Amino acid sequence: MSGDIAMPNSHGRPAPPLAAIALEAARHGIDRIDAALIALLAARRGAAALAGGMKRALDRPLRDAGREAQVRAHAHRIAARLHVPGDTVDRLATLLIADACDRQSRSTFPPSPPAPAMTATASAFDPTNPSPAAALLRLLPPPARWKPVLRRLPQPVVEAPLERALSQVLQTAQIGPALDLVAGRRLGIEVEDLGIAVVLSWTQGRLRAVPGPAEASVRGRATDLMLLASRLEDADTLFFQRRLVLIGDVELGLTVRNLLDRMPWDTLPLGLRIALQRSARIARAARKAHRSA
């Protein structure tokens with residue numbers, strides 16, 4: 001039987017053809033994806049404005065040909081794995097770079113405070129009083145939606161950015177000598193809702209991703225790990241509430257946690273601290289918005 005044949009419903013009238021129903025479902029999905037893309041674009045423009053302010057503070061030019069080439073190459077690598085045409089990626093990258101340059105040309109330093117409508121306050125996400133901010137944040141796909149995409153990426157693609165970022169933070173904070181106490185030990189980070197598990201080891205003065213099982217691991221959801229990294233919530237609270245779990249060699253895990261707790265937050269670059277805390281606030285606010293929906 002053809003999928004386009006209309007079957008009578010309980011009222012005796014022809015029901016919508018299956019193809020028409022599928023078309024409407026596809027269009028609804030497209031509309032939701034478009035809305036999420038606009039929300040992500042708004043977040044990208046905010047990050048671009050922050051970068052522009054940092055460039056002014058560092059007296060650097062707004063245009064950086066090397067960085068733009070890096071953005072394009074990164075987009076092409078992801079697109080190749082997801083079977084997105086290269087010419088589509090080129091057009092999108094050109095548009096995004098032009099928009100970021102325009103946004104950076106208008107940015108200031110220090111960054112301007114966020115508009116009240118986007119401030120992540122508790123009242124803004126009160127389920128009995130929905131706000132435009134909550135409606136916008138609900139369009140951001142929750143971390144679990146990214147799991148199928150991340151599963152298709154090779155493990156080194158997931159490990160390398162995390163390894164570089166954490167190594168830079170630890171070297172900037174100058175706590176490498178303290179971490180020599182756990183040199184060669186295997187520490188894991190498991191991001192449950194993203195399906196990411198990385199094993200790291202402090203070796204020869206830097207953090208490296210290593211194969212095999214971890215001796216101790218911290219397991220939690222992406223938002224809670226971001227809140228911990230940004231110091232918007234402390235480790236004791238997150239572990240007590242079971243939002244983070246330590247598994248394996250508990251003594252090793254607690255030793256590393258205590259070392260990181262003593263890391264001087266003020267030694268991190270201002271731009272990194274701002275980026276960490278803003279990202280964590282957005283993630284926390286988006287989670288509240290989804291729960292109140």
# chains A, B, ... in the order shown; residues from 1 in each chain; ligands from 1
$ residues_around --residues "stretch 222-232 of chain A" --least-positions-apart "5" --cutoff "12 Å" --atoms "only C-alpha atoms" --output "PyMOL selection string"
chain A and resi 142-144+146-147+165-166+169+189-197+237-239+241-245+257+260-266+268+272-288
$ residues_around --residues "A:Leu95" --least-positions-apart "6" --cutoff "12 Å" --atoms "only C-alpha atoms" --output "ChimeraX atom specification"
/A:41,68,72,88-89,101-102
$ write_last_selection --atoms "N, CA and C atoms" --output "CSV table (one decimal), in the first residue's frame"
chain,number,residue,atom,x,y,z
A,41,LEU,N,24.5,31.1,17.4
A,41,LEU,CA,25.2,32.2,16.7
A,41,LEU,C,25.2,33.4,17.7
A,68,GLU,N,42.0,32.8,11.2
A,68,GLU,CA,40.9,32.6,10.3
A,68,GLU,C,41.1,31.3,9.5
A,72,ARG,N,38.7,27.8,9.4
A,72,ARG,CA,38.2,27.2,8.2
A,72,ARG,C,38.7,25.7,8.2
A,88,THR,N,29.7,24.2,1.0
A,88,THR,CA,28.7,24.7,2.0
A,88,THR,C,29.5,25.2,3.2
A,89,VAL,N,30.5,24.5,3.7
A,89,VAL,CA,31.3,24.9,4.8
A,89,VAL,C,32.1,26.2,4.5
A,101,CYS,N,34.2,39.5,12.8
A,101,CYS,CA,35.0,40.7,12.6
A,101,CYS,C,34.2,41.9,12.9
A,102,ASP,N,33.0,41.9,12.4
A,102,ASP,CA,32.1,43.1,12.6
A,102,ASP,C,31.8,43.2,14.1
$ atom_distance --atom1 "atom CA of A:Leu200" --atom2 "atom CA of A:Arg221"
18.2 Å
$ closest_residue --among "A:Asp99, A:Val218, A:Leu187, A:Leu23" --to "A:Ala47" --atoms "only C-alpha atoms"
A:Asp99
$ closest_residue --among "A:Val256, A:Leu153, A:Asp249, A:Arg164" --to "A:Ala235" --atoms "only C-alpha atoms"
A:Val256
$ atom_distance --atom1 "atom CA of A:Val199" --atom2 "atom CA of A:Val158"
11.4 Å
$ closest_residue --among "A:Leu252, A:Val71, A:Ala178, A:Met54" --to "A:Leu96" --atoms "only C-alpha atoms"
A:Val71
$ residues_around --residues "A:Arg63" --least-positions-apart "2" --cutoff "10 Å" --atoms "only C-alpha atoms" --output "VMD selection string"
chain A and resid 52 55 60 to 61 65 to 68 97 100 to 101 104 to 105
$ atom_distance --atom1 "atom CA of A:Arg106" --atom2 "atom CA of A:Leu37"
22.4 Å
$ select_by_dssp --residues "stretch 167-231 of chain A" --states "strand (DSSP E)" --output "PDB file with C-alpha atoms, in the first residue's frame"
ATOM      1  CA  LEU A 187      43.487   9.952  36.062  1.00  0.00           C
ATOM      2  CA  GLY A 188      40.196   9.795  34.194  1.00  0.00           C
ATOM      3  CA  ILE A 189      37.497  12.348  33.375  1.00  0.00           C
ATOM      4  CA  GLU A 190      34.122  10.905  32.364  1.00  0.00           C
ATOM      5  CA  VAL A 191      31.486  13.293  30.982  1.00  0.00           C
ATOM      6  CA  ILE A 196      33.321  11.342  26.676  1.00  0.00           C
ATOM      7  CA  ALA A 197      35.924   9.477  28.727  1.00  0.00           C
ATOM      8  CA  VAL A 198      39.554  10.631  28.735  1.00  0.00           C
ATOM      9  CA  VAL A 199      42.498   9.220  30.703  1.00  0.00           C
ATOM     10  CA  LEU A 200      45.267  11.715  31.514  1.00  0.00           C
ATOM     11  CA  SER A 201      48.687  11.453  33.124  1.00  0.00           C
ATOM     12  CA  TRP A 202      51.119  14.105  34.362  1.00  0.00           C
ATOM     13  CA  THR A 203      54.383  13.140  32.637  1.00  0.00           C
ATOM     14  CA  ARG A 206      52.890  18.254  31.115  1.00  0.00           C
ATOM     15  CA  LEU A 207      49.520  16.571  30.977  1.00  0.00           C
ATOM     16  CA  ARG A 208      49.142  13.852  28.359  1.00  0.00           C
ATOM     17  CA  ALA A 209      46.249  11.709  27.174  1.00  0.00           C
ATOM     18  CA  ALA A 216      40.884   6.990  39.502  1.00  0.00           C
ATOM     19  CA  SER A 217      38.162   8.886  37.646  1.00  0.00           C
ATOM     20  CA  VAL A 218      35.841  11.808  38.216  1.00  0.00           C
ATOM     21  CA  ARG A 219      32.441  11.180  36.667  1.00  0.00           C
ATOM     22  CA  GLY A 220      29.754  13.806  36.144  1.00  0.00           C
TER      23      GLY A 220
END
$ select_by_dssp --residues "stretch 153-267 of chain A" --states "alpha helix (DSSP H)" --output "NGL selection string"
:A and (155-173 or 176-179 or 222-229 or 235-240 or 250-261)
$ closest_residue --among "A:Arg45, A:Arg81, A:Arg32, A:Arg56" --to "A:Arg151" --atoms "only C-alpha atoms"
A:Arg81
